[in-house]
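Pasted below: my_file25.cif, mmCIF, C-alpha atoms.
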```
data_run
loop_
_atom_site.group_PDB
_atom_site.id
_atom_site.type_symbol
_atom_site.label_atom_id
_atom_site.label_comp_id
_atom_site.auth_asym_id
_atom_site.auth_seq_id
_atom_site.Cartn_x
_atom_site.Cartn_y
_atom_site.Cartn_z
ATOM 1 C CA MET L 1 103.730 107.276 83.463
ATOM 2 C CA THR L 2 100.565 105.496 82.407
ATOM 3 C CA ILE L 3 98.274 103.490 84.669
ATOM 4 C CA TYR L 4 96.575 100.725 82.682
ATOM 5 C CA PHE L 5 93.390 99.146 84.019
ATOM 6 C CA VAL L 6 93.110 95.741 82.342
ATOM 7 C CA LEU L 7 89.433 94.831 81.998
ATOM 8 C CA LEU L 8 87.616 91.606 81.139
ATOM 9 C CA ALA L 9 83.981 90.527 80.972
ATOM 10 C CA GLY L 10 82.698 90.000 84.495
ATOM 11 C CA THR L 11 85.032 92.537 86.111
ATOM 12 C CA LEU L 12 83.863 93.365 89.632
ATOM 13 C CA PRO L 13 82.869 97.073 89.618
ATOM 14 C CA LEU L 14 84.406 98.020 92.980
ATOM 15 C CA ASP L 15 87.639 96.153 92.195
ATOM 16 C CA PHE L 16 87.955 98.536 89.255
ATOM 17 C CA ALA L 17 86.376 101.727 90.597
ATOM 18 C CA GLY L 18 87.980 101.740 94.069
ATOM 19 C CA PRO L 19 91.643 101.975 92.991
ATOM 20 C CA LEU L 20 90.604 104.161 90.054
ATOM 21 C CA GLN L 21 89.130 106.723 92.446
ATOM 22 C CA VAL L 22 92.376 106.755 94.431
ATOM 23 C CA PHE L 23 94.402 107.534 91.314
ATOM 24 C CA LEU L 24 91.894 110.140 90.106
ATOM 25 C CA GLU L 25 92.067 111.961 93.441
ATOM 26 C CA ALA L 26 95.862 111.710 93.461
ATOM 27 C CA ARG L 27 96.008 113.157 89.952
ATOM 28 C CA ARG L 28 93.850 116.110 91.014
ATOM 29 C CA LEU L 29 96.354 116.699 93.814
ATOM 30 C CA GLY L 30 99.365 116.785 91.494
ATOM 31 C CA LEU L 31 100.319 113.193 90.629
ATOM 32 C CA GLU L 32 101.400 113.253 87.000
ATOM 33 C CA CYS L 33 99.924 110.218 85.292
ATOM 34 C CA GLU L 34 97.737 109.132 82.415
ATOM 35 C CA ILE L 35 94.973 106.597 83.019
ATOM 36 C CA LYS L 36 93.875 104.176 80.316
ATOM 37 C CA TYR L 37 91.280 101.426 80.217
ATOM 38 C CA ILE L 38 92.399 98.542 78.066
ATOM 39 C CA SER L 39 90.925 95.215 77.019
ATOM 40 C CA ALA L 40 91.070 92.480 74.419
ATOM 41 C CA SER L 41 87.591 93.674 73.380
ATOM 42 C CA GLU L 42 86.404 97.175 72.593
ATOM 43 C CA GLN L 43 83.410 96.748 74.870
ATOM 44 C CA LEU L 44 82.366 94.397 77.654
ATOM 45 C CA GLY L 45 79.923 93.905 80.494
ATOM 46 C CA CYS L 46 81.031 94.073 84.120
ATOM 47 C CA ASP L 47 79.568 91.887 86.831
ATOM 48 C CA GLY L 48 76.033 93.180 87.408
ATOM 49 C CA GLY L 49 75.521 94.302 83.809
ATOM 50 C CA LEU L 50 77.378 97.617 83.702
ATOM 51 C CA GLN L 51 78.530 98.069 80.099
ATOM 52 C CA LEU L 52 81.904 99.572 79.218
ATOM 53 C CA ALA L 53 82.611 100.725 75.666
ATOM 54 C CA ASN L 54 85.356 102.413 73.627
ATOM 55 C CA LEU L 55 88.050 100.538 75.532
ATOM 56 C CA SER L 56 91.604 100.862 74.220
ATOM 57 C CA PRO L 57 93.381 97.789 72.832
ATOM 58 C CA LEU L 58 96.145 96.038 74.740
ATOM 59 C CA PRO L 59 99.313 98.070 73.966
ATOM 60 C CA THR L 60 102.137 96.315 72.158
ATOM 61 C CA THR L 61 104.819 97.812 74.429
ATOM 62 C CA LEU L 62 105.112 99.355 77.876
ATOM 63 C CA THR L 63 107.605 101.711 79.482
ATOM 64 C CA PRO L 64 109.373 100.671 82.723
ATOM 65 C CA THR L 65 107.390 103.232 84.736
ATOM 66 C CA ASP L 66 103.972 102.054 83.550
ATOM 67 C CA ILE L 67 101.609 100.451 86.061
ATOM 68 C CA ILE L 68 99.302 97.524 85.366
ATOM 69 C CA VAL L 69 96.133 97.152 87.433
ATOM 70 C CA LEU L 70 94.336 93.795 87.346
ATOM 71 C CA PRO L 71 90.849 93.966 88.916
ATOM 72 C CA GLY L 72 89.133 90.705 89.760
ATOM 73 C CA CYS L 73 86.275 88.995 87.946
ATOM 74 C CA HIS L 74 83.205 87.100 89.098
ATOM 75 C CA ARG L 75 83.797 83.317 89.004
ATOM 76 C CA ALA L 76 87.454 83.953 88.249
ATOM 77 C CA PHE L 77 88.637 80.541 87.109
ATOM 78 C CA CYS L 78 85.816 80.386 84.544
ATOM 79 C CA ALA L 79 86.222 84.045 83.543
ATOM 80 C CA TYR L 80 89.923 83.546 82.842
ATOM 81 C CA ALA L 81 89.268 80.603 80.514
ATOM 82 C CA THR L 82 87.587 82.741 77.832
ATOM 83 C CA ARG L 83 89.234 83.711 74.563
ATOM 84 C CA ASP L 84 89.682 87.355 75.624
ATOM 85 C CA ALA L 85 91.183 86.251 78.926
ATOM 86 C CA GLN L 86 93.620 83.913 77.202
ATOM 87 C CA GLN L 87 94.663 86.745 74.899
ATOM 88 C CA THR L 88 95.166 88.986 77.930
ATOM 89 C CA ILE L 89 97.253 86.324 79.678
ATOM 90 C CA GLN L 90 99.524 86.007 76.650
ATOM 91 C CA TRP L 91 99.825 89.798 76.502
ATOM 92 C CA LEU L 92 100.857 89.953 80.169
ATOM 93 C CA LYS L 93 103.478 87.256 79.582
ATOM 94 C CA LYS L 94 104.902 89.221 76.673
ATOM 95 C CA VAL L 95 104.931 92.823 77.885
ATOM 96 C CA VAL L 96 105.318 92.777 81.685
ATOM 97 C CA ILE L 97 109.023 92.708 82.525
ATOM 98 C CA GLU L 98 109.762 95.151 85.319
ATOM 99 C CA GLN L 99 106.524 97.126 85.454
ATOM 100 C CA THR L 100 104.605 97.329 88.713
ATOM 101 C CA VAL L 101 101.508 95.139 88.764
ATOM 102 C CA LEU L 102 98.642 95.744 91.202
ATOM 103 C CA THR L 103 96.083 92.971 91.612
ATOM 104 C CA ILE L 104 92.724 93.194 93.334
ATOM 105 C CA CYS L 105 90.845 90.143 94.567
ATOM 106 C CA SER L 106 90.882 87.423 91.872
ATOM 107 C CA GLY L 107 93.123 89.577 89.693
ATOM 108 C CA ALA L 108 95.888 87.602 91.401
ATOM 109 C CA VAL L 109 94.639 84.501 89.554
ATOM 110 C CA LEU L 110 95.087 86.306 86.240
ATOM 111 C CA ALA L 111 98.608 87.360 87.246
ATOM 112 C CA ALA L 112 99.438 83.812 88.304
ATOM 113 C CA LYS L 113 98.172 82.379 85.005
ATOM 114 C CA ALA L 114 100.529 84.794 83.243
ATOM 115 C CA GLY L 115 103.470 83.534 85.312
ATOM 116 C CA LEU L 116 103.907 86.806 87.193
ATOM 117 C CA LEU L 117 103.664 85.226 90.646
ATOM 118 C CA VAL L 118 106.226 82.446 90.279
ATOM 119 C CA ASN L 119 108.299 82.267 93.475
ATOM 120 C CA LYS L 120 106.494 85.306 94.859
ATOM 121 C CA SER L 121 104.261 85.968 97.838
ATOM 122 C CA CYS L 122 100.747 87.195 97.155
ATOM 123 C CA THR L 123 97.205 87.204 98.463
ATOM 124 C CA THR L 124 93.687 87.157 97.065
ATOM 125 C CA HIS L 125 90.074 86.874 98.202
ATOM 126 C CA TYR L 126 89.782 84.460 101.122
ATOM 127 C CA GLN L 127 87.444 82.184 99.138
ATOM 128 C CA LEU L 128 90.158 81.681 96.498
ATOM 129 C CA ILE L 129 93.143 81.074 98.788
ATOM 130 C CA ASP L 130 92.958 77.268 98.754
ATOM 131 C CA LYS L 131 92.179 77.106 95.026
ATOM 132 C CA MET L 132 95.164 79.288 94.214
ATOM 133 C CA ARG L 133 97.485 77.231 96.398
ATOM 134 C CA ILE L 134 96.482 74.089 94.512
ATOM 135 C CA ALA L 135 96.525 75.677 91.048
ATOM 136 C CA PHE L 136 99.773 77.617 91.521
ATOM 137 C CA PRO L 137 102.043 75.729 93.954
ATOM 138 C CA GLU L 138 105.030 77.801 92.810
ATOM 139 C CA SER L 139 103.449 80.882 94.443
ATOM 140 C CA GLN L 140 103.231 81.541 98.168
ATOM 141 C CA VAL L 141 99.576 82.488 98.653
ATOM 142 C CA LEU L 142 99.123 84.140 102.052
ATOM 143 C CA ASP L 143 95.885 84.452 103.981
ATOM 144 C CA ASN L 144 94.695 86.979 106.563
ATOM 145 C CA ARG L 145 96.317 89.864 104.691
ATOM 146 C CA ILE L 146 94.892 93.116 103.372
ATOM 147 C CA PHE L 147 97.639 93.304 100.767
ATOM 148 C CA VAL L 148 101.041 91.762 100.115
ATOM 149 C CA GLU L 149 104.039 93.361 98.381
ATOM 150 C CA ASP L 150 106.737 91.292 96.703
ATOM 151 C CA THR L 151 109.196 93.111 94.402
ATOM 152 C CA ASN L 152 107.100 94.565 91.536
ATOM 153 C CA ILE L 153 103.810 92.881 92.510
ATOM 154 C CA ILE L 154 101.327 94.174 95.083
ATOM 155 C CA SER L 155 98.282 91.961 95.539
ATOM 156 C CA SER L 156 95.223 92.781 97.638
ATOM 157 C CA ALA L 157 92.737 90.505 99.318
ATOM 158 C CA GLY L 158 89.540 91.537 97.656
ATOM 159 C CA ILE L 159 86.987 94.200 96.774
ATOM 160 C CA SER L 160 87.543 97.272 99.008
ATOM 161 C CA SER L 161 91.077 96.219 100.006
ATOM 162 C CA GLY L 162 92.122 97.469 96.580
ATOM 163 C CA ILE L 163 91.565 100.976 97.921
ATOM 164 C CA ASP L 164 93.946 100.348 100.836
ATOM 165 C CA MET L 165 96.523 98.958 98.425
ATOM 166 C CA ALA L 166 96.237 101.865 95.973
ATOM 167 C CA ILE L 167 96.687 104.460 98.717
ATOM 168 C CA TYR L 168 99.667 102.549 100.075
ATOM 169 C CA PHE L 169 101.123 102.463 96.559
ATOM 170 C CA VAL L 170 100.695 106.230 96.055
ATOM 171 C CA SER L 171 102.255 106.827 99.458
ATOM 172 C CA THR L 172 105.348 104.673 98.989
ATOM 173 C CA ARG L 173 106.034 105.382 95.316
ATOM 174 C CA PHE L 174 105.049 109.017 94.875
ATOM 175 C CA SER L 175 103.904 111.210 97.774
ATOM 176 C CA GLU L 176 103.010 110.385 101.344
ATOM 177 C CA TYR L 177 101.305 113.744 101.702
ATOM 178 C CA ILE L 178 99.147 113.240 98.590
ATOM 179 C CA ALA L 179 98.188 109.763 99.821
ATOM 180 C CA ALA L 180 97.102 111.195 103.168
ATOM 181 C CA GLN L 181 94.978 113.809 101.402
ATOM 182 C CA VAL L 182 93.392 111.138 99.201
ATOM 183 C CA ALA L 183 92.578 109.030 102.256
ATOM 184 C CA GLN L 184 91.012 112.025 103.944
ATOM 185 C CA GLU L 185 88.990 112.934 100.841
ATOM 186 C CA MET L 186 87.709 109.375 100.449
ATOM 187 C CA LEU L 187 87.016 108.956 104.195
ATOM 188 C CA VAL L 188 89.103 105.795 104.264
ATOM 189 C CA TYR L 189 89.663 103.969 107.513
ATOM 190 C CA PHE L 190 92.820 101.884 107.185
ATOM 191 C CA ARG L 191 92.488 98.225 108.042
ATOM 192 C CA ARG L 192 95.634 96.443 109.055
ATOM 193 C CA THR L 193 96.825 93.004 109.969
ATOM 194 C CA GLY L 194 100.055 92.472 111.842
ATOM 195 C CA GLN L 195 101.942 91.268 108.786
ATOM 196 C CA ASP L 196 100.880 93.893 106.244
ATOM 197 C CA PRO L 197 103.465 96.367 104.930
ATOM 198 C CA GLN L 198 103.876 99.217 107.362
ATOM 199 C CA LEU L 199 101.886 102.360 106.686
ATOM 200 C CA SER L 200 103.880 105.518 106.150
ATOM 201 C CA SER L 201 103.885 108.094 108.911
ATOM 202 C CA TRP L 202 101.665 110.311 106.802
ATOM 203 C CA LEU L 203 98.908 107.696 106.704
ATOM 204 C CA GLN L 204 99.030 106.634 110.328
ATOM 205 C CA TYR L 205 96.752 108.453 112.774
ATOM 206 C CA ARG L 206 94.426 109.471 109.944
ATOM 207 C CA ASN L 207 91.561 107.074 110.700
ATOM 208 C CA HIS L 208 89.326 109.770 112.163
ATOM 209 C CA MET L 209 86.998 112.422 110.744
ATOM 210 C CA HIS L 210 87.691 115.450 112.946
ATOM 211 C CA ARG L 211 88.303 118.405 110.625
ATOM 212 C CA SER L 212 90.254 120.504 113.111
ATOM 213 C CA ILE L 213 92.754 117.719 113.774
ATOM 214 C CA HIS L 214 93.119 117.090 110.052
ATOM 215 C CA LYS L 215 93.952 120.788 109.598
ATOM 216 C CA VAL L 216 96.764 120.487 112.136
ATOM 217 C CA GLN L 217 98.039 117.275 110.563
ATOM 218 C CA ASP L 218 97.985 118.835 107.089
ATOM 219 C CA ALA L 219 99.970 121.843 108.305
ATOM 220 C CA VAL L 220 102.595 119.672 109.993
ATOM 221 C CA CYS L 221 102.976 117.432 106.924
ATOM 222 C CA ARG L 222 103.270 120.391 104.551
ATOM 223 C CA ASN L 223 105.992 122.112 106.577
ATOM 224 C CA ILE L 224 108.131 119.451 108.211
ATOM 225 C CA THR L 225 111.102 121.773 108.746
ATOM 226 C CA GLN L 226 109.028 124.365 110.607
ATOM 227 C CA TYR L 227 108.948 124.471 114.397
ATOM 228 C CA TYR L 228 105.397 124.471 115.787
ATOM 229 C CA SER L 229 104.566 125.360 119.352
ATOM 230 C CA LEU L 230 101.388 123.998 120.903
ATOM 231 C CA GLU L 231 99.972 127.522 120.720
ATOM 232 C CA GLN L 232 100.631 127.693 116.956
ATOM 233 C CA LEU L 233 99.012 124.296 116.376
ATOM 234 C CA ALA L 234 96.003 125.340 118.431
ATOM 235 C CA ASN L 235 95.666 128.525 116.362
ATOM 236 C CA ILE L 236 95.689 126.470 113.156
ATOM 237 C CA ALA L 237 92.822 124.368 114.527
ATOM 238 C CA ASN L 238 91.052 127.449 115.922
ATOM 239 C CA LEU L 239 90.964 125.761 119.303
ATOM 240 C CA SER L 240 92.430 126.369 122.718
ATOM 241 C CA GLN L 241 95.618 124.510 123.573
ATOM 242 C CA ARG L 242 93.701 122.460 126.115
ATOM 243 C CA GLN L 243 90.990 121.560 123.614
ATOM 244 C CA LEU L 244 93.530 120.544 120.983
ATOM 245 C CA SER L 245 95.441 118.325 123.388
ATOM 246 C CA ARG L 246 92.208 116.696 124.570
ATOM 247 C CA LEU L 247 91.037 116.002 120.980
ATOM 248 C CA PHE L 248 94.410 114.526 120.021
ATOM 249 C CA SER L 249 94.224 112.250 123.048
ATOM 250 C CA ILE L 250 90.680 111.139 122.185
ATOM 251 C CA HIS L 251 91.094 110.612 118.427
ATOM 252 C CA LEU L 252 94.792 109.724 118.072
ATOM 253 C CA GLY L 253 95.828 108.546 121.520
ATOM 254 C CA ILE L 254 98.931 110.765 121.481
ATOM 255 C CA THR L 255 99.774 114.426 122.097
ATOM 256 C CA PRO L 256 100.268 117.054 119.363
ATOM 257 C CA ARG L 257 103.991 117.118 120.218
ATOM 258 C CA GLU L 258 104.205 113.342 119.859
ATOM 259 C CA TYR L 259 102.495 113.558 116.469
ATOM 260 C CA LEU L 260 104.970 116.186 115.292
ATOM 261 C CA GLN L 261 107.828 113.926 116.376
ATOM 262 C CA HIS L 262 106.154 110.961 114.646
ATOM 263 C CA ILE L 263 106.005 112.809 111.317
ATOM 264 C CA ARG L 264 109.572 114.097 111.537
ATOM 265 C CA ILE L 265 111.051 110.705 112.394
ATOM 266 C CA GLY L 266 108.952 109.046 109.704
ATOM 267 C CA HIS L 267 110.256 111.502 107.119
ATOM 268 C CA ALA L 268 113.795 110.951 108.385
ATOM 269 C CA LYS L 269 113.420 107.201 107.882
ATOM 270 C CA GLN L 270 112.447 107.729 104.260
ATOM 271 C CA LEU L 271 115.413 110.042 103.668
ATOM 272 C CA LEU L 272 117.806 107.588 105.307
ATOM 273 C CA LYS L 273 116.460 104.723 103.194
ATOM 274 C CA ARG L 274 116.194 106.507 99.858
ATOM 275 C CA SER L 275 119.044 109.032 99.791
ATOM 276 C CA ASN L 276 122.741 109.358 100.507
ATOM 277 C CA SER L 277 122.300 112.638 102.398
ATOM 278 C CA SER L 278 124.383 112.974 105.539
ATOM 279 C CA VAL L 279 122.745 112.640 108.937
ATOM 280 C CA GLU L 280 123.264 116.370 109.430
ATOM 281 C CA VAL L 281 121.343 117.171 106.221
ATOM 282 C CA VAL L 282 118.586 114.727 107.134
ATOM 283 C CA ALA L 283 118.263 116.409 110.525
ATOM 284 C CA GLN L 284 117.903 119.832 108.873
ATOM 285 C CA ASN L 285 115.325 118.534 106.376
ATOM 286 C CA CYS L 286 113.257 117.138 109.237
ATOM 287 C CA GLY L 287 113.148 120.335 111.267
ATOM 288 C CA TYR L 288 115.737 119.562 113.948
ATOM 289 C CA SER L 289 117.937 122.386 115.153
ATOM 290 C CA SER L 290 120.992 120.125 115.436
ATOM 291 C CA ASP L 291 122.052 116.651 114.411
ATOM 292 C CA ARG L 292 122.608 115.894 118.119
ATOM 293 C CA GLN L 293 118.967 116.655 118.866
ATOM 294 C CA PHE L 294 117.940 114.527 115.871
ATOM 295 C CA ARG L 295 120.107 111.563 116.862
ATOM 296 C CA ARG L 296 118.679 111.586 120.373
ATOM 297 C CA ALA L 297 115.055 111.739 119.133
ATOM 298 C CA PHE L 298 115.670 109.071 116.498
ATOM 299 C CA SER L 299 117.315 106.668 118.932
ATOM 300 C CA GLN L 300 114.535 107.130 121.481
ATOM 301 C CA THR L 301 111.923 106.346 118.832
ATOM 302 C CA THR L 302 113.554 103.461 116.954
ATOM 303 C CA ASP L 303 116.026 101.958 119.453
ATOM 304 C CA MET L 304 118.817 102.396 116.918
ATOM 305 C CA SER L 305 120.947 105.223 115.597
ATOM 306 C CA PRO L 306 120.281 106.871 112.196
ATOM 307 C CA GLN L 307 123.412 105.175 110.828
ATOM 308 C CA GLN L 308 122.264 101.757 112.022
ATOM 309 C CA TYR L 309 118.840 102.312 110.496
ATOM 310 C CA ARG L 310 120.380 103.279 107.145
ATOM 311 C CA GLN L 311 122.648 100.232 107.140
ATOM 312 C CA ARG L 312 119.710 97.924 107.769
ATOM 313 C CA TYR L 313 117.059 99.461 105.479
ATOM 314 C CA SER L 314 118.822 101.524 102.800
ATOM 315 C CA SER L 315 117.551 100.954 99.236
ATOM 316 C CA VAL L 316 120.218 103.069 97.482
#
```
Would you write the structure of this file as structure tokens?
Amino acid sequence: MTIYFVLLAGTLPLDFAGPLQVFLEARRLGLECEIKYISASEQLGCDGGLQLANLSPLPTTLTPTDIIVLPGCHRAFCAYATRDAQQTIQWLKKVVIEQTVLTICSGAVLAAKAGLLVNKSCTTHYQLIDKMRIAFPESQVLDNRIFVEDTNIISSAGISSGIDMAIYFVSTRFSEYIAAQVAQEMLVYFRRTGQDPQLSSWLQYRNHMHRSIHKVQDAVCRNITQYYSLEQLANIANLSQRQLSRLFSIHLGITPREYLQHIRIGHAKQLLKRSNSSVEVVAQNCGYSSDRQFRRAFSQTTDMSPQQYRQRYSSV
């Protein structure tokens, strides 16, 4: 798998560097990917004067698993009228078939010009919403969103929201645990609106900076099938049971036992959606001693049975 960052003159540095840092951290944690920086020109200047050189040419072909990242540019509609931009637009039209495309800020304009957003929902920087709606009436441009996912396109609102989108992408496509570690390493506080795609269980309750709680969360996420007593969790954090419970209440608003349940049910949801494993096997893989215990916990949490959840959300 190769992640291609498509760069043009005037690229906004954080649009480019934010998602890049997410993928670099994920790669250090085990995500197998190659990262390439491609452009219609061998060198260019980003917004603010940062010069990039020795850029790779636009590849003639892509594999289905390749990922295209389109950072935004300053004064997008003017930036995308240049010769290099026009060449890039034609390249996108030719090579992008089923590949995943991630857009940041005005990168959505570039995707729309290439026809990638026809009959699709998307978002972009709030200052470009109205312009995009006029220029591309065949796209549903949504406002008040951090990012929007529609089939193979994930678009983010602008600048730092590309970081949120990239972590979400790593979580849903590769590893929830790696995504949580990346978020912790980058000290990311997740910003949500009510209509954004739902964060995975691994990423929820991570918007704090308390190291002892992170240690407990990491242990639980690494060993979902293991039973943890409150005493064991407290030992991991090197705290008393009372201290651990108090810190969970302050920073997460739930108890350690509720967090353990949250992670197990979240993992179960992913298994029910993405596999054909029986409910009994799912229960075992999520650390429940019996499928009866699992069914009861799942129903209490989701107001539906595991079978009903699979019927409604299964992607296999």
With a distance cut-off of 12 Å and all atoms listed in the file, select the neighbouring residues of Lys94 of chain L, excluding the residue or stretch itself and same-chain residues fewer than 2 positions from it, and output the selection as a PDB file with C-alpha atoms, in the frame of the given file.
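Written out: selection-v2.pdb:
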```pdb
ATOM      1  CA  LEU L  58      96.145  96.038  74.740  1.00  0.00           C
ATOM      2  CA  PRO L  59      99.313  98.070  73.966  1.00  0.00           C
ATOM      3  CA  THR L  60     102.137  96.315  72.158  1.00  0.00           C
ATOM      4  CA  THR L  61     104.819  97.812  74.429  1.00  0.00           C
ATOM      5  CA  LEU L  62     105.112  99.355  77.876  1.00  0.00           C
ATOM      6  CA  GLN L  87      94.663  86.745  74.899  1.00  0.00           C
ATOM      7  CA  THR L  88      95.166  88.986  77.930  1.00  0.00           C
ATOM      8  CA  ILE L  89      97.253  86.324  79.678  1.00  0.00           C
ATOM      9  CA  GLN L  90      99.524  86.007  76.650  1.00  0.00           C
ATOM     10  CA  TRP L  91      99.825  89.798  76.502  1.00  0.00           C
ATOM     11  CA  LEU L  92     100.857  89.953  80.169  1.00  0.00           C
ATOM     12  CA  VAL L  96     105.318  92.777  81.685  1.00  0.00           C
ATOM     13  CA  ILE L  97     109.023  92.708  82.525  1.00  0.00           C
ATOM     14  CA  GLU L  98     109.762  95.151  85.319  1.00  0.00           C
ATOM     15  CA  GLN L  99     106.524  97.126  85.454  1.00  0.00           C
ATOM     16  CA  ALA L 114     100.529  84.794  83.243  1.00  0.00           C
ATOM     17  CA  GLY L 115     103.470  83.534  85.312  1.00  0.00           C
ATOM     18  CA  LEU L 116     103.907  86.806  87.193  1.00  0.00           C
TER      19      LEU L 116
END
```
Query raised in the report: Once the PyMOL selection byres ((chain L and resi 105) around 9) has been applied to the shown file, what residues remain in the selection, as number ranges by chain?
Result: L: 15, 70-73, 103-104, 106-109, 123-126, 128, 155-159, 161-162
Report task. Taking the file above as input, evaluate the PyMOL selection byres ((chain L and resi 181-183) around 9) and report the hits as a ChimeraX atom specification. Result -> /L:22-23,25-26,29,164,167,176-180,184-190,203,206-207,218
Can I get the selection written as a PDB file, keeping the file's coordinate frame, with C-alpha atoms?
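For reference, result-v4.pdb as written:
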```
ATOM      1  CA  VAL L  22      92.376 106.755  94.431  1.00  0.00           C
ATOM      2  CA  PHE L  23      94.402 107.534  91.314  1.00  0.00           C
ATOM      3  CA  GLU L  25      92.067 111.961  93.441  1.00  0.00           C
ATOM      4  CA  ALA L  26      95.862 111.710  93.461  1.00  0.00           C
ATOM      5  CA  LEU L  29      96.354 116.699  93.814  1.00  0.00           C
ATOM      6  CA  ASP L 164      93.946 100.348 100.836  1.00  0.00           C
ATOM      7  CA  ILE L 167      96.687 104.460  98.717  1.00  0.00           C
ATOM      8  CA  GLU L 176     103.010 110.385 101.344  1.00  0.00           C
ATOM      9  CA  TYR L 177     101.305 113.744 101.702  1.00  0.00           C
ATOM     10  CA  ILE L 178      99.147 113.240  98.590  1.00  0.00           C
ATOM     11  CA  ALA L 179      98.188 109.763  99.821  1.00  0.00           C
ATOM     12  CA  ALA L 180      97.102 111.195 103.168  1.00  0.00           C
ATOM     13  CA  GLN L 184      91.012 112.025 103.944  1.00  0.00           C
ATOM     14  CA  GLU L 185      88.990 112.934 100.841  1.00  0.00           C
ATOM     15  CA  MET L 186      87.709 109.375 100.449  1.00  0.00           C
ATOM     16  CA  LEU L 187      87.016 108.956 104.195  1.00  0.00           C
ATOM     17  CA  VAL L 188      89.103 105.795 104.264  1.00  0.00           C
ATOM     18  CA  TYR L 189      89.663 103.969 107.513  1.00  0.00           C
ATOM     19  CA  PHE L 190      92.820 101.884 107.185  1.00  0.00           C
ATOM     20  CA  LEU L 203      98.908 107.696 106.704  1.00  0.00           C
ATOM     21  CA  ARG L 206      94.426 109.471 109.944  1.00  0.00           C
ATOM     22  CA  ASN L 207      91.561 107.074 110.700  1.00  0.00           C
ATOM     23  CA  ASP L 218      97.985 118.835 107.089  1.00  0.00           C
TER      24      ASP L 218
END
```
Report task. Would you kindly translate the PyMOL selection byres ((chain L and resi 46) around 10) into the concrete residues it picks from this file, as a PyMOL selection string? Result -> chain L and resi 7-13+16+43-45+47-52+73-74
For Tyr205 of chain L, find every residue with an atom within 12 Å (counting all atoms listed in the file), except residues of its own chain fewer than 2 positions away, and show them as a PDB file with C-alpha atoms, in the coordinates of the input.
```
ATOM      1  CA  ALA L 180      97.102 111.195 103.168  1.00  0.00           C
ATOM      2  CA  ALA L 183      92.578 109.030 102.256  1.00  0.00           C
ATOM      3  CA  GLN L 184      91.012 112.025 103.944  1.00  0.00           C
ATOM      4  CA  VAL L 188      89.103 105.795 104.264  1.00  0.00           C
ATOM      5  CA  TYR L 189      89.663 103.969 107.513  1.00  0.00           C
ATOM      6  CA  PHE L 190      92.820 101.884 107.185  1.00  0.00           C
ATOM      7  CA  LEU L 199     101.886 102.360 106.686  1.00  0.00           C
ATOM      8  CA  SER L 200     103.880 105.518 106.150  1.00  0.00           C
ATOM      9  CA  SER L 201     103.885 108.094 108.911  1.00  0.00           C
ATOM     10  CA  TRP L 202     101.665 110.311 106.802  1.00  0.00           C
ATOM     11  CA  LEU L 203      98.908 107.696 106.704  1.00  0.00           C
ATOM     12  CA  ASN L 207      91.561 107.074 110.700  1.00  0.00           C
ATOM     13  CA  HIS L 208      89.326 109.770 112.163  1.00  0.00           C
ATOM     14  CA  MET L 209      86.998 112.422 110.744  1.00  0.00           C
ATOM     15  CA  HIS L 210      87.691 115.450 112.946  1.00  0.00           C
ATOM     16  CA  ILE L 213      92.754 117.719 113.774  1.00  0.00           C
ATOM     17  CA  HIS L 214      93.119 117.090 110.052  1.00  0.00           C
ATOM     18  CA  GLN L 217      98.039 117.275 110.563  1.00  0.00           C
ATOM     19  CA  ASP L 218      97.985 118.835 107.089  1.00  0.00           C
ATOM     20  CA  PHE L 248      94.410 114.526 120.021  1.00  0.00           C
ATOM     21  CA  SER L 249      94.224 112.250 123.048  1.00  0.00           C
ATOM     22  CA  ILE L 250      90.680 111.139 122.185  1.00  0.00           C
ATOM     23  CA  HIS L 251      91.094 110.612 118.427  1.00  0.00           C
ATOM     24  CA  LEU L 252      94.792 109.724 118.072  1.00  0.00           C
ATOM     25  CA  GLY L 253      95.828 108.546 121.520  1.00  0.00           C
ATOM     26  CA  ILE L 254      98.931 110.765 121.481  1.00  0.00           C
ATOM     27  CA  THR L 255      99.774 114.426 122.097  1.00  0.00           C
ATOM     28  CA  PRO L 256     100.268 117.054 119.363  1.00  0.00           C
ATOM     29  CA  GLU L 258     104.205 113.342 119.859  1.00  0.00           C
ATOM     30  CA  TYR L 259     102.495 113.558 116.469  1.00  0.00           C
ATOM     31  CA  LEU L 260     104.970 116.186 115.292  1.00  0.00           C
ATOM     32  CA  HIS L 262     106.154 110.961 114.646  1.00  0.00           C
ATOM     33  CA  ILE L 263     106.005 112.809 111.317  1.00  0.00           C
TER      34      ILE L 263
END
```
Since the input lacks atoms, please generate N, CA and C atoms for segment 252-257 of chain L and provide them as a CSV table (one decimal), in the coordinates of the input.
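Wrote out-v3.csv, looks like this:
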```csv
chain,number,residue,atom,x,y,z
L,252,LEU,N,93.5,110.3,118.5
L,252,LEU,CA,94.8,109.7,118.1
L,252,LEU,C,95.5,108.9,119.2
L,253,GLY,N,95.2,109.2,120.4
L,253,GLY,CA,95.8,108.5,121.5
L,253,GLY,C,97.2,109.0,121.8
L,254,ILE,N,97.6,110.2,121.2
L,254,ILE,CA,98.9,110.8,121.5
L,254,ILE,C,98.8,112.3,121.6
L,255,THR,N,99.8,113.0,122.0
L,255,THR,CA,99.8,114.4,122.1
L,255,THR,C,100.2,115.1,120.8
L,256,PRO,N,99.8,116.4,120.6
L,256,PRO,CA,100.3,117.1,119.4
L,256,PRO,C,101.8,117.0,119.2
L,257,ARG,N,102.5,117.2,120.3
L,257,ARG,CA,104.0,117.1,120.2
L,257,ARG,C,104.5,115.7,119.8
```
